[in-house]
Structures are given as C-alpha cells and as structure tokens.
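*Asks:* Supplied structure: my_file_4.csv, CSV, C-alpha atoms.
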chain,number,residue,atom,x,y,z
A,1,MET,CA,-44.8,40.0,-66.1
A,2,PHE,CA,-44.2,36.8,-64.2
A,3,LYS,CA,-41.0,36.2,-66.1
A,4,LYS,CA,-39.8,39.6,-65.3
A,5,ILE,CA,-40.6,39.2,-61.6
A,6,LYS,CA,-39.0,35.7,-61.5
A,7,SER,CA,-35.8,36.8,-63.1
A,8,HIS,CA,-35.6,40.2,-61.5
A,9,PHE,CA,-36.5,39.3,-57.9
A,10,ALA,CA,-34.9,35.8,-58.0
A,11,THR,CA,-37.9,34.0,-56.8
A,12,ASP,CA,-39.7,30.9,-57.9
A,13,ASP,CA,-42.6,31.4,-55.7
A,14,VAL,CA,-45.0,32.8,-58.3
A,15,GLU,CA,-48.4,31.2,-58.4
A,16,VAL,CA,-51.6,31.8,-60.2
A,17,LYS,CA,-54.2,31.1,-57.6
A,18,ARG,CA,-57.2,32.1,-59.7
A,19,GLN,CA,-57.8,33.7,-63.0
A,20,ASP,CA,-57.6,37.1,-61.3
A,21,LEU,CA,-55.5,36.4,-58.3
A,22,TYR,CA,-51.7,35.9,-58.3
A,23,LYS,CA,-49.4,35.3,-55.5
A,24,VAL,CA,-45.7,36.0,-55.2
A,25,GLY,CA,-43.3,35.3,-52.3
A,26,VAL,CA,-40.4,37.7,-52.1
A,27,ARG,CA,-37.5,38.4,-49.7
A,28,TYR,CA,-38.2,41.2,-47.4
A,29,ASP,CA,-35.4,43.5,-48.7
A,30,ARG,CA,-36.9,43.3,-52.2
A,31,LEU,CA,-40.5,43.9,-51.1
A,32,PHE,CA,-40.7,47.6,-51.6
A,33,GLU,CA,-39.0,47.4,-54.9
A,34,LEU,CA,-41.6,44.9,-56.1
A,35,ILE,CA,-44.5,47.0,-54.8
A,36,HIS,CA,-43.1,50.0,-56.5
A,37,MET,CA,-42.7,48.1,-59.7
A,38,LEU,CA,-46.2,46.7,-59.7
A,39,ARG,CA,-47.6,50.1,-58.8
A,40,ASP,CA,-45.8,52.1,-61.4
A,41,GLU,CA,-45.5,49.7,-64.3
A,42,TYR,CA,-48.5,47.5,-64.0
A,43,ASP,CA,-51.2,49.7,-62.6
A,44,TYR,CA,-51.6,48.0,-59.2
A,45,LYS,CA,-52.5,51.2,-57.5
A,46,ILE,CA,-55.0,50.0,-54.8
A,47,LEU,CA,-53.8,48.5,-51.5
A,48,ASN,CA,-56.7,46.2,-50.3
A,49,ALA,CA,-55.2,44.8,-47.1
A,50,ILE,CA,-52.2,44.0,-45.2
A,51,THR,CA,-52.6,40.7,-43.3
A,52,CYS,CA,-50.3,38.7,-41.1
A,53,THR,CA,-49.9,35.0,-40.5
A,54,ASP,CA,-48.1,33.7,-37.5
A,55,TRP,CA,-45.8,30.8,-38.4
A,56,ILE,CA,-44.7,30.1,-34.8
A,57,GLU,CA,-42.9,26.8,-35.7
A,58,GLU,CA,-40.8,28.4,-38.4
A,59,GLY,CA,-40.3,31.5,-36.2
A,60,HIS,CA,-41.5,34.1,-38.6
A,61,PHE,CA,-44.5,36.2,-39.5
A,62,ALA,CA,-45.8,36.2,-43.1
A,63,LEU,CA,-46.9,39.6,-44.1
A,64,THR,CA,-49.2,39.7,-47.1
A,65,TYR,CA,-49.9,42.8,-49.1
A,66,MET,CA,-52.9,42.7,-51.4
A,67,LEU,CA,-52.7,45.0,-54.4
A,68,THR,CA,-55.4,45.5,-57.0
A,69,THR,CA,-55.4,47.2,-60.4
A,70,LEU,CA,-57.4,50.3,-61.0
A,71,ASP,CA,-60.0,48.4,-63.1
A,72,ARG,CA,-60.3,46.0,-60.2
A,73,LYS,CA,-59.8,42.9,-62.4
A,74,HIS,CA,-56.5,41.6,-61.1
A,75,THR,CA,-55.2,41.2,-57.6
A,76,PHE,CA,-51.7,40.5,-56.5
A,77,MET,CA,-50.8,38.9,-53.2
A,78,ILE,CA,-47.2,39.8,-52.2
A,79,GLN,CA,-46.0,37.6,-49.3
A,80,THR,CA,-42.9,38.3,-47.3
A,81,MET,CA,-41.4,36.8,-44.2
A,82,ILE,CA,-40.2,38.8,-41.2
A,83,THR,CA,-38.6,37.3,-38.1
A,84,ARG,CA,-40.9,36.8,-35.2
A,85,GLU,CA,-38.5,37.9,-32.5
A,86,ASP,CA,-38.5,41.7,-32.3
A,87,ALA,CA,-40.8,41.9,-35.4
A,88,HIS,CA,-40.5,45.0,-37.3
A,89,ALA,CA,-41.1,46.2,-40.9
A,90,LYS,CA,-40.9,49.5,-42.7
A,91,THR,CA,-44.2,51.3,-43.1
A,92,LEU,CA,-46.0,51.5,-46.4
A,93,SER,CA,-48.0,54.5,-45.4
A,94,GLU,CA,-46.0,56.9,-47.6
A,95,GLU,CA,-46.9,55.0,-50.7
A,96,PHE,CA,-50.5,54.1,-49.7
A,97,LYS,CA,-52.3,56.3,-47.1
A,98,GLN,CA,-54.7,53.5,-46.1
A,99,ALA,CA,-51.7,51.4,-44.9
A,100,GLN,CA,-51.5,53.5,-41.8
A,101,ILE,CA,-54.6,52.1,-40.1
A,102,MET,CA,-53.9,48.5,-41.4
A,103,GLU,CA,-50.4,48.6,-39.8
A,104,ARG,CA,-51.9,50.1,-36.7
A,105,ASP,CA,-54.2,47.1,-36.5
A,106,LEU,CA,-51.3,44.7,-37.0
A,107,HIS,CA,-49.3,46.4,-34.4
A,108,GLU,CA,-52.1,46.0,-31.9
A,109,MET,CA,-52.8,42.4,-32.7
A,110,TYR,CA,-49.4,41.0,-33.4
A,111,GLY,CA,-47.0,43.5,-31.9
A,112,ILE,CA,-45.2,44.2,-35.2
A,113,ASP,CA,-43.4,47.5,-35.1
A,114,PHE,CA,-43.9,49.5,-38.3
A,115,ILE,CA,-41.0,51.9,-38.5
A,116,GLY,CA,-42.1,55.3,-39.8
A,117,ASN,CA,-45.8,54.9,-39.1
A,118,GLU,CA,-46.9,58.1,-37.4
A,119,ASN,CA,-49.5,56.6,-35.0
A,120,LEU,CA,-49.5,53.1,-33.7
A,121,LYS,CA,-51.9,53.7,-30.8
A,122,GLU,CA,-54.1,50.7,-30.0
A,123,LEU,CA,-57.6,50.7,-31.7
A,124,SER,CA,-59.8,48.6,-29.4
A,125,LEU,CA,-57.5,47.2,-26.7
A,126,GLU,CA,-57.0,50.2,-24.5
A,127,ASN,CA,-54.1,50.0,-22.0
A,128,TRP,CA,-53.3,46.4,-23.1
A,129,VAL,CA,-50.2,45.2,-21.3
A,130,HIS,CA,-50.3,41.5,-22.1
A,131,THR,CA,-49.1,39.6,-25.2
A,132,PRO,CA,-50.7,40.8,-28.4
A,133,PRO,CA,-53.7,38.6,-28.6
A,134,LEU,CA,-53.4,37.2,-32.1
A,135,ARG,CA,-49.9,35.9,-31.6
A,136,ARG,CA,-50.2,32.2,-31.3
A,137,GLU,CA,-48.3,31.9,-28.0
A,138,PHE,CA,-51.2,33.9,-26.5
A,139,ASP,CA,-53.4,31.2,-24.9
A,140,THR,CA,-56.9,32.8,-24.9
A,141,LEU,CA,-58.5,30.3,-22.6
A,142,GLU,CA,-55.7,30.5,-20.0
A,143,PHE,CA,-55.9,34.3,-20.1
A,144,VAL,CA,-59.7,34.2,-19.5
A,145,ASN,CA,-59.3,31.7,-16.7
A,146,ASN,CA,-56.7,33.9,-15.0
A,147,HIS,CA,-58.3,37.3,-15.5
A,148,LEU,CA,-62.0,36.9,-15.5
A,149,THR,CA,-64.5,35.2,-13.3
A,150,PHE,CA,-67.2,32.9,-14.6
A,151,ARG,CA,-70.6,32.5,-13.2
A,152,GLU,CA,-71.0,29.3,-11.3
A,153,GLY,CA,-73.2,26.7,-12.9
A,154,ARG,CA,-76.5,25.7,-11.4
A,155,ASP,CA,-76.7,22.9,-8.9
A,156,ASP,CA,-78.4,20.6,-11.3
A,157,ASN,CA,-75.8,21.4,-14.0
A,158,VAL,CA,-74.3,18.2,-15.4
A,159,ASP,CA,-71.8,17.3,-18.0
A,160,THR,CA,-74.1,16.7,-20.9
A,161,LYS,CA,-71.8,14.3,-22.7
A,162,ALA,CA,-71.3,12.0,-19.6
A,163,GLU,CA,-75.0,12.3,-18.8
A,164,SER,CA,-76.2,11.3,-22.3
A,165,LYS,CA,-73.7,8.4,-22.2
A,166,ARG,CA,-75.1,7.3,-18.9
A,167,LEU,CA,-78.7,7.6,-20.1
A,168,ARG,CA,-77.9,5.7,-23.3
A,169,ALA,CA,-76.3,2.8,-21.2
A,170,LEU,CA,-79.3,2.8,-19.0
A,171,LYS,CA,-81.7,2.6,-21.9
A,172,LYS,CA,-79.6,-0.2,-23.5
A,173,ALA,CA,-79.6,-2.2,-20.3
A,174,GLU,CA,-83.3,-1.7,-20.0
A,175,LYS,CA,-83.9,-2.9,-23.5
A,176,GLU,CA,-81.7,-6.0,-23.0
A,177,ALA,CA,-83.6,-6.8,-19.8
A,178,ALA,CA,-86.9,-6.5,-21.6
A,179,LYS,CA,-85.6,-8.7,-24.4
A,180,LYS,CA,-84.4,-11.3,-22.0
A,181,ALA,CA,-87.7,-11.3,-20.2
A,182,LYS,CA,-89.5,-11.7,-23.5
A,183,GLU,CA,-87.3,-14.6,-24.5
A,184,LYS,CA,-87.8,-16.2,-21.1
A,185,ALA,CA,-91.6,-15.8,-21.4
A,186,GLU,CA,-91.5,-17.3,-24.9
A,187,THR,CA,-89.4,-20.3,-23.8
A,188,LYS,CA,-91.8,-20.8,-20.9
A,189,GLU,CA,-94.8,-20.6,-23.3
A,190,ILE,CA,-93.2,-23.2,-25.5
A,191,LYS,CA,-92.5,-25.4,-22.5
A,192,ASP,CA,-96.1,-24.9,-21.4
A,193,GLY,CA,-97.3,-25.8,-24.9
A,194,GLU,CA,-95.3,-29.0,-24.8
B,1,MET,CA,-98.9,36.5,-29.5
B,2,THR,CA,-101.3,37.3,-26.7
B,3,GLU,CA,-99.1,36.0,-23.9
B,4,GLY,CA,-96.9,39.0,-23.4
B,5,PHE,CA,-99.8,41.4,-23.8
B,6,LEU,CA,-101.9,39.8,-21.1
B,7,GLN,CA,-99.3,40.6,-18.5
B,8,GLU,CA,-98.9,44.1,-19.8
B,9,GLN,CA,-102.7,44.6,-19.5
B,10,ARG,CA,-102.5,43.4,-16.0
B,11,THR,CA,-99.9,45.9,-15.1
B,12,LEU,CA,-101.8,48.7,-16.9
B,13,GLU,CA,-104.9,48.0,-14.9
B,14,GLY,CA,-104.5,46.2,-11.8
B,15,ASP,CA,-101.4,47.0,-9.8
B,16,LEU,CA,-102.7,49.7,-7.6
B,17,ASN,CA,-103.9,47.1,-5.2
B,18,SER,CA,-100.5,45.7,-4.3
B,19,ASP,CA,-99.5,45.5,-0.7
B,20,THR,CA,-98.1,48.8,0.5
B,21,SER,CA,-99.0,48.6,4.1
B,22,HIS,CA,-95.4,48.9,5.4
B,23,LYS,CA,-94.8,52.2,3.5
B,24,SER,CA,-95.9,55.7,3.9
B,25,SER,CA,-98.2,57.1,1.2
B,26,VAL,CA,-95.4,59.5,0.1
B,27,ASP,CA,-93.1,56.6,-0.5
B,28,PHE,CA,-95.9,54.9,-2.4
B,29,LEU,CA,-96.5,57.9,-4.5
B,30,MET,CA,-92.9,58.5,-5.2
B,31,ASN,CA,-92.4,54.9,-6.3
B,32,TRP,CA,-95.5,55.1,-8.4
B,33,PHE,CA,-94.4,58.2,-10.2
B,34,ARG,CA,-90.9,56.7,-10.8
B,35,LYS,CA,-92.2,53.5,-12.3
B,36,ARG,CA,-94.6,55.3,-14.5
B,37,SER,CA,-92.0,57.5,-16.1
B,38,ILE,CA,-88.9,55.5,-16.9
B,39,PHE,CA,-86.6,57.3,-19.2
B,40,VAL,CA,-84.2,55.0,-21.0
B,41,LEU,CA,-80.9,56.2,-22.1
B,42,ALA,CA,-80.5,56.0,-25.9
B,43,TYR,CA,-77.4,53.8,-25.7
B,44,GLY,CA,-76.8,50.4,-27.1
B,45,THR,CA,-73.9,47.9,-26.9
B,46,GLY,CA,-73.6,44.7,-28.8
B,47,CYS,CA,-76.2,43.1,-30.9
B,48,GLY,CA,-79.1,43.7,-28.5
B,49,ALA,CA,-79.3,47.3,-29.5
B,50,ILE,CA,-81.2,46.2,-32.6
B,51,GLU,CA,-84.1,44.9,-30.5
B,52,MET,CA,-84.6,48.3,-28.8
B,53,PRO,CA,-86.0,50.3,-31.7
B,54,PRO,CA,-89.0,48.0,-32.2
B,55,THR,CA,-89.6,48.0,-28.5
B,56,PHE,CA,-89.9,51.7,-28.4
B,57,THR,CA,-91.6,52.3,-31.7
B,58,SER,CA,-95.2,51.6,-32.8
B,59,ARG,CA,-95.2,47.8,-33.0
B,60,TYR,CA,-94.5,47.2,-29.3
B,61,ASP,CA,-94.9,50.8,-28.2
B,62,ALA,CA,-93.2,50.8,-24.8
B,63,GLU,CA,-94.4,54.4,-24.2
B,64,ARG,CA,-97.9,53.1,-23.2
B,65,LEU,CA,-96.2,51.7,-20.1
B,66,GLY,CA,-94.4,55.0,-19.4
B,67,ILE,CA,-91.1,53.9,-20.9
B,68,ARG,CA,-89.5,56.3,-23.3
B,69,GLY,CA,-86.1,57.4,-24.5
B,70,ALA,CA,-83.8,60.0,-23.0
B,71,ALA,CA,-81.1,61.8,-24.8
B,72,THR,CA,-78.4,62.2,-22.2
B,73,PRO,CA,-77.2,60.3,-19.2
B,74,ARG,CA,-78.2,63.2,-16.8
B,75,GLN,CA,-81.9,62.8,-17.8
B,76,ALA,CA,-82.0,59.0,-17.9
B,77,ASP,CA,-83.3,56.6,-15.3
B,78,VAL,CA,-82.4,53.3,-16.9
B,79,ILE,CA,-79.3,52.2,-18.8
B,80,ILE,CA,-79.7,49.1,-21.0
B,81,VAL,CA,-76.6,47.0,-21.4
B,82,SER,CA,-77.8,45.3,-24.5
B,83,GLY,CA,-75.3,42.5,-25.1
B,84,TYR,CA,-71.7,41.7,-24.8
B,85,CYS,CA,-69.4,44.3,-23.2
B,86,SER,CA,-65.8,44.5,-24.4
B,87,TYR,CA,-63.4,46.2,-22.1
B,88,LYS,CA,-63.5,49.3,-24.3
B,89,THR,CA,-67.3,49.4,-24.1
B,90,LEU,CA,-67.2,48.8,-20.3
B,91,ARG,CA,-65.2,51.9,-19.8
B,92,ARG,CA,-67.9,54.0,-21.5
B,93,ILE,CA,-70.7,52.2,-19.7
B,94,ILE,CA,-69.1,52.9,-16.3
B,95,ARG,CA,-68.6,56.5,-17.2
B,96,THR,CA,-72.2,56.8,-18.5
B,97,TYR,CA,-73.6,55.1,-15.4
B,98,GLU,CA,-71.7,57.3,-13.0
B,99,GLN,CA,-73.0,60.4,-14.9
B,100,MET,CA,-76.6,59.4,-14.4
B,101,SER,CA,-78.5,60.9,-11.5
B,102,ASN,CA,-80.1,58.9,-8.8
B,103,PRO,CA,-82.3,56.9,-8.8
B,104,LYS,CA,-80.8,54.8,-11.6
B,105,TYR,CA,-81.3,51.3,-12.8
B,106,VAL,CA,-79.5,48.8,-14.9
B,107,LEU,CA,-81.2,46.4,-17.3
B,108,ALA,CA,-79.0,43.8,-18.8
B,109,LEU,CA,-80.0,42.0,-21.9
B,110,GLY,CA,-78.9,38.7,-23.4
B,111,SER,CA,-76.9,35.8,-22.3
B,112,CYS,CA,-73.6,37.7,-22.8
B,113,THR,CA,-74.2,39.8,-19.8
B,114,VAL,CA,-75.3,36.8,-17.7
B,115,ASN,CA,-72.3,34.6,-18.3
B,116,GLY,CA,-70.4,35.6,-21.3
B,117,GLY,CA,-72.7,33.8,-23.8
B,118,MET,CA,-70.9,32.9,-27.0
B,119,TYR,CA,-68.0,35.1,-26.0
B,120,TRP,CA,-67.2,32.9,-23.0
B,121,ASP,CA,-63.6,32.4,-24.0
B,122,SER,CA,-63.0,35.9,-25.4
B,123,TYR,CA,-60.0,37.7,-24.0
B,124,ASN,CA,-61.6,41.1,-24.5
B,125,THR,CA,-65.2,40.5,-23.1
B,126,ILE,CA,-66.3,40.5,-19.5
B,127,LYS,CA,-68.3,37.5,-18.4
B,128,LYS,CA,-70.4,38.7,-15.4
B,129,LEU,CA,-71.8,42.2,-15.6
B,130,GLU,CA,-72.8,42.4,-12.0
B,131,ASP,CA,-69.1,42.3,-10.9
B,132,TYR,CA,-68.7,45.7,-12.5
B,133,LEU,CA,-72.1,47.4,-12.2
B,134,PRO,CA,-75.1,46.6,-10.0
B,135,VAL,CA,-77.7,45.0,-12.2
B,136,ASP,CA,-81.4,45.3,-11.4
B,137,MET,CA,-82.8,43.0,-13.9
B,138,TYR,CA,-81.5,40.4,-16.3
B,139,VAL,CA,-83.4,39.5,-19.4
B,140,ASN,CA,-82.0,36.3,-20.9
B,141,GLY,CA,-82.1,35.2,-24.4
B,142,CYS,CA,-79.8,35.5,-27.4
B,143,MET,CA,-81.2,38.0,-28.2
B,144,PRO,CA,-84.4,38.6,-26.2
B,145,ARG,CA,-87.4,39.6,-28.3
B,146,PRO,CA,-89.1,42.9,-27.7
B,147,GLU,CA,-91.8,41.0,-25.7
B,148,SER,CA,-89.1,39.8,-23.3
B,149,ILE,CA,-87.6,43.2,-23.0
B,150,LEU,CA,-91.1,44.5,-22.1
B,151,GLU,CA,-91.5,41.7,-19.6
B,152,GLY,CA,-88.2,42.8,-18.1
B,153,PHE,CA,-89.3,46.4,-17.9
B,154,ILE,CA,-92.6,45.4,-16.3
B,155,GLU,CA,-90.8,43.3,-13.7
B,156,LEU,CA,-88.4,46.3,-13.1
B,157,GLN,CA,-91.5,48.6,-12.7
B,158,ARG,CA,-92.9,46.2,-10.2
B,159,GLU,CA,-89.7,46.2,-8.2
B,160,ILE,CA,-89.5,50.0,-8.3
B,161,GLY,CA,-93.2,50.2,-7.2
B,162,GLU,CA,-92.4,48.0,-4.3
B,163,GLY,CA,-89.3,50.0,-3.5
B,164,LYS,CA,-87.0,46.9,-3.9
B,165,ALA,CA,-85.0,48.2,-6.9
B,166,SER,CA,-82.1,50.0,-5.1
B,167,SER,CA,-79.0,49.0,-7.1
B,168,TRP,CA,-77.7,52.6,-7.1
B,169,GLN,CA,-77.5,52.4,-3.3
B,170,LYS,CA,-75.7,49.1,-3.6
B,171,TYR,CA,-73.2,50.7,-5.9
B,172,GLU,CA,-72.5,53.5,-3.5
B,173,GLU,CA,-72.2,51.2,-0.5
B,174,ASN,CA,-70.0,48.6,-2.2
B,175,TYR,CA,-68.1,51.1,-4.4
B,176,ASP,CA,-64.7,49.6,-3.4
B,177,PHE,CA,-65.8,46.1,-4.5
B,178,TYR,CA,-67.0,47.3,-7.9
B,179,ARG,CA,-64.0,49.6,-8.4
B,180,LYS,CA,-61.6,46.7,-7.5
B,181,ASN,CA,-63.2,44.5,-10.1
B,182,GLN,CA,-63.2,47.3,-12.7
B,183,GLU,CA,-59.5,47.9,-12.1
B,184,ALA,CA,-58.7,44.2,-12.3
B,185,VAL,CA,-59.8,44.1,-16.0
B,186,LEU,CA,-59.4,47.7,-17.1
B,187,GLY,CA,-56.2,48.8,-15.3
B,188,LYS,CA,-55.7,51.6,-12.9
B,189,LYS,CA,-57.2,54.2,-15.3
B,190,VAL,CA,-60.8,53.0,-15.6
B,191,GLU,CA,-62.4,56.0,-17.2
B,192,PRO,CA,-61.7,56.6,-20.9
B,193,SER,CA,-59.9,59.8,-22.0
B,194,TYR,CA,-62.3,62.6,-22.0
B,195,GLU,CA,-61.4,64.8,-24.9
B,196,ALA,CA,-64.3,66.3,-26.7
B,197,ASP,CA,-62.4,66.0,-30.0
B,198,TRP,CA,-61.4,62.5,-29.3
B,199,TYR,CA,-61.5,61.6,-33.0
B,200,LEU,CA,-58.8,64.2,-33.7
B,201,TYR,CA,-56.9,63.9,-30.5
B,202,ASP,CA,-53.7,61.9,-30.3
B,203,GLY,CA,-53.7,60.7,-33.9
B,204,GLY,CA,-57.4,60.1,-33.9
B,205,LEU,CA,-59.8,57.3,-33.1
As a first step, turn the structure in this file into structure tokens.

*Replies:*
Amino acid sequence: MFKKIKSHFATDDVEVKRQDLYKVGVRYDRLFELIHMLRDEYDYKILNAITCTDWIEEGHFALTYMLTTLDRKHTFMIQTMITREDAHAKTLSEEFKQAQIMERDLHEMYGIDFIGNENLKELSLENWVHTPPLRREFDTLEFVNNHLTFREGRDDNVDTKAESKRLRALKKAEKEAAKKAKEKAETKEIKDGE
Amino acid sequence: MTEGFLQEQRTLEGDLNSDTSHKSSVDFLMNWFRKRSIFVLAYGTGCGAIEMPPTFTSRYDAERLGIRGAATPRQADVIIVSGYCSYKTLRRIIRTYEQMSNPKYVLALGSCTVNGGMYWDSYNTIKKLEDYLPVDMYVNGCMPRPESILEGFIELQREIGEGKASSWQKYEENYDFYRKNQEAVLGKKVEPSYEADWYLYDGGL
C-alpha cells in the first residue's frame, strides 16, 4: 500500500507513527484522489476528524484528515498544505457527512472557506467580527485587554514574586545578622576566658 | 460539618427579632413572605451547575429554608449564574433575566463570575458579571460547595428580609449602563435569535 501511495502520488512523506497509525503528506490537488483511493480500495471508511495546524512562519495551514478502517484497527493521517492567505479548500461533506460540522468548526476558528459546504454558520462565536481566534496572529491577551474590563485588585494586593523575593532577602539578612552576633558573642567569650 | 448548619438553624429560628422599626408591617410581611419562598430557576451555566442538584436534593435539602426550583423564568425569583459565562451564554442569561418578573435576584457562583477565574485571558468569556447584570450576591470558590451556596442563599434571604436586595430596580434605573456594556461585547444585537425550532432553523444549531 505504501509503495503504491509513494509511486502514485509522488510523495516521500509516508511515515509509520505507530503500529496502527500512519501518516502521509500529499499535495492539495491530489488529496481527494488519495482519500477516494483509501476509502474504496483499503476500507478506510470512517472520517474521525479534520484538524488544522497554523504554520504562520511558512505561511500555510496544515489540514489533517484522519481516516479509520471499518474494523477500527488502522488509522491514516492525511496531511495537506493550503496557503494561509485567503485560505480555502474543497468540502469533503459529499463523501463523508460528518465532515460538514468539522469544516464548520474550522471555518469558525481559522477562517478557512470550505467551498461547497452548505452551512458555515458559526457554532459558538455568535456575531464574531474579529480575527478567527485560533489563528496565531490573534493575540488573545491583547484582545481581552482591549475588549473586557478586569476587576481591580484589592489594596493589599502585591506582586507575589517580588514580595516573596523581598521576604527571602529580609530573612537572609536577619539570619546573617544573627550569625554575626553569635560569632561576636563567641569571640567575646573566648576573650573573656583568656 | 456542623459549621454551616448552625447558621442555618439560626435563620430557621431566630430572625424574626431583627430590627424592622423603620418599616411598615406590610413591608415587613411582604419581605418575610418573599424570603421564605424563593423559587430558583432551573438553569445552570458552567461547572457550578453540578453543585446545584445536591443543594436542592435530600443531602442538603434547600427546601427546608423555602428555596426550591421553578420551571420557567416567569415563575422564578432567583437566577443562579453558576460559573463562567461565554458570550453565547450571556445572551441567553440576559434574555432569561429580562423575562423574569419582579422582584428578581441574581446569585453568582464561583470565581469566574467575580473576576474571570481561570478564564481570565479567554477571548470568549466575560470577566465581571456585574457589568452586564446586577448581582445581589456573590458566592466565591471554585466551585463553591453546597454549604457555601446555602450560606449565600441565607445571606440573600437576610437582605431580602431587610429590604436591601433591590438589584432589579438598579437594573431598571441604570439600564443604559448595562445595555452599553452588553453591546460592547455582544454587538448591537444582544438577544439571541428567537426561533422555536432553532435546531432546525438556518441550517441547525
């Protein structure tokens, strides 16, 4: 099977991750061909998940399709790259019904446009107008600081790190002072003894 | 174990003697009736909802204090916001709260409603509930145990009895303030779409 995939799809990126888990990287234009082949010839008939990884430095999204055999003994990860700018992909919901909601989720969180998907309405972020939140250029903390108000801390609120450092230094100084005093007393005793 | 129960016993027996000299006896009676029959909306958000069943069932038995469940917002006196509110939940909470009839009270559970709690840097969770709804009583903890929830209820009952709990009036008077804050996070259309068949409408869910 691997040989066939390697020769047929011109890819070297075939990897056995685990005894039951294989990964293959494939060009986007060959993706559906590969999925069809796995589904029809090798019994990979269950679509587990579609996930997305944001490679912001390389400028692309990595879409991963997880396919499982009907006896649930083998899983195939099919990874493909799509460009980050104006990200779009063809929908898989004609082949696998469950892909519809997975793609809807990806559309909400990454802003990937799945062409042919009948409903890409947001699931949990109603009327969201900002950057899709799981894109890496979306700065969560900055967004929270700009859009939401925090409760002010109490008056006796202190920076715990600085405070513990200060207390530790105080304790150390105290200890050294005690040590010095003890030494002094001892030397005095010795002197008295003499 | 006895700590929570001692206070409950005190409220069961001894609060008829509280100072009511500045109020008419009708007021006193109204408040007394109100505080002795608190109907709590069966609505839970976030993880705190899991602490409410034990509070209301036989182990902690809130009904002996006059606190019991209500099926719909129109019949309820208290809404418990039991944990973090995402924007989507907040829409539903606001609608539910505005459906309730006066007098109505808000009990907020957990540190998430106080200052965001562990969701302090979440883009989808509000940090201070009192910006969006008037809160009568906060119960802190993550999550508060049923004893703490009962304590919160007893404190709320005390305030109702004294006539101090008047957050619904505050909401009406400062409606512009609350509405402004709600619109700031939820957009101009605060209320959720109102289709009865929402799970079928517009592609579903």

*Asks:* Residues of chain A near chain B: apply a cut-off of 9 Å, count only C-alpha atoms, and supply the list as a list in words.

*Replies:* Glu118, Asn119, Leu120, Lys121, Leu123, Ser124, Leu125, Glu126, Asn127, Trp128, Pro133, Thr140, Leu141, Phe143, Val144, Asn145, His147, Leu148, Thr149, Phe150, Arg151 and Glu152 of chain A

*Asks:* For a test of reading the model, state the distance in Å between atom CA of Thr55 of chain B and atom CA of Glu147 of chain B, rounded to one decimal.

*Replies:*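 That distance, rounded to one decimal, is 7.9 Å.
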
*Asks:* Using atom CA of Val14 of chain A and atom CA of Ala89 of chain A as the two end points, give the distance in Å to one decimal.

*Replies:*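 Value for the atom CA of Val14 of chain A-atom CA of Ala89 of chain A distance: 22.3 Å.
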
*Asks:* For the point (-40.1, 37.0, -50.9) in file coordinates, what residues are within 9 Å, counting all atoms listed in the file? Give the answer as JSON, numbers by chain?

*Replies:* {"A": [9, 10, 11, 13, 24, 25, 26, 27, 28, 29, 30, 31, 78, 79, 80, 81]}

*Asks:* For C-alpha atoms, I'd like the residues from the last selection saved as a compact mmCIF listing (two decimals), keeping the file's coordinate frame.

*Replies:*
# COMPACT_ATOMS: atom_id res chain seq x y z
CA PHE A 9 -36.50 39.30 -57.90
CA ALA A 10 -34.90 35.80 -58.00
CA THR A 11 -37.90 34.00 -56.80
CA ASP A 13 -42.60 31.40 -55.70
CA VAL A 24 -45.70 36.00 -55.20
CA GLY A 25 -43.30 35.30 -52.30
CA VAL A 26 -40.40 37.70 -52.10
CA ARG A 27 -37.50 38.40 -49.70
CA TYR A 28 -38.20 41.20 -47.40
CA ASP A 29 -35.40 43.50 -48.70
CA ARG A 30 -36.90 43.30 -52.20
CA LEU A 31 -40.50 43.90 -51.10
CA ILE A 78 -47.20 39.80 -52.20
CA GLN A 79 -46.00 37.60 -49.30
CA THR A 80 -42.90 38.30 -47.30
CA MET A 81 -41.40 36.80 -44.20

*Asks:* Please compute the atom CA of Val106 of chain B-atom CA of Cys85 of chain B distance, one decimal, in Å.

*Replies:* 13.8 Å

*Asks:* Near segment 30-37 of chain B, counting all atoms listed in the file, which residues have an atom at most 8 Å away, once you skip same-chain residues fewer than 4 positions from it, shown as a PyMOL selection string?

*Replies:* chain B and resi 26+65-68+157-158+160-163

*Asks:* Just checking: using only C-alpha atoms, which residue out of B:Ser166, B:Asn174, B:Gln75, B:Ser111 ends up closest to Met143 of chain B?

*Replies:* B:Ser111

*Asks:* Could I see segment 56-69 of chain B restored to N, CA and C atoms, set down as a compact mmCIF listing (two decimals), keeping the file's coordinate frame?

*Replies:*
# COMPACT_ATOMS: atom_id res chain seq x y z
N PHE B 56 -89.45 50.36 -28.71
CA PHE B 56 -89.90 51.70 -28.40
C PHE B 56 -90.75 52.34 -29.47
N THR B 57 -90.83 51.70 -30.62
CA THR B 57 -91.60 52.30 -31.70
C THR B 57 -93.01 51.61 -31.76
N SER B 58 -93.76 51.90 -32.80
CA SER B 58 -95.20 51.60 -32.80
C SER B 58 -95.58 50.18 -32.61
N ARG B 59 -94.75 49.24 -33.08
CA ARG B 59 -95.20 47.80 -33.00
C ARG B 59 -95.38 47.38 -31.58
N TYR B 60 -94.40 47.64 -30.73
CA TYR B 60 -94.50 47.20 -29.30
C TYR B 60 -94.78 48.36 -28.38
N ASP B 61 -94.46 49.55 -28.80
CA ASP B 61 -94.90 50.80 -28.20
C ASP B 61 -94.73 50.79 -26.65
N ALA B 62 -93.49 50.87 -26.21
CA ALA B 62 -93.20 50.80 -24.80
C ALA B 62 -93.74 52.08 -24.06
N GLU B 63 -94.08 53.11 -24.81
CA GLU B 63 -94.40 54.40 -24.20
C GLU B 63 -95.79 54.25 -23.46
N ARG B 64 -96.62 53.30 -23.89
CA ARG B 64 -97.90 53.10 -23.20
C ARG B 64 -97.69 52.66 -21.77
N LEU B 65 -96.50 52.10 -21.47
CA LEU B 65 -96.20 51.70 -20.10
C LEU B 65 -95.39 52.80 -19.38
N GLY B 66 -95.19 53.91 -20.04
CA GLY B 66 -94.40 55.00 -19.40
C GLY B 66 -92.94 54.89 -19.64
N ILE B 67 -92.54 54.07 -20.60
CA ILE B 67 -91.10 53.90 -20.90
C ILE B 67 -90.76 54.60 -22.15
N ARG B 68 -89.84 55.54 -22.06
CA ARG B 68 -89.50 56.30 -23.30
C ARG B 68 -88.00 56.65 -23.23
N GLY B 69 -87.54 57.16 -24.35
CA GLY B 69 -86.10 57.40 -24.50
C GLY B 69 -85.68 58.71 -23.85
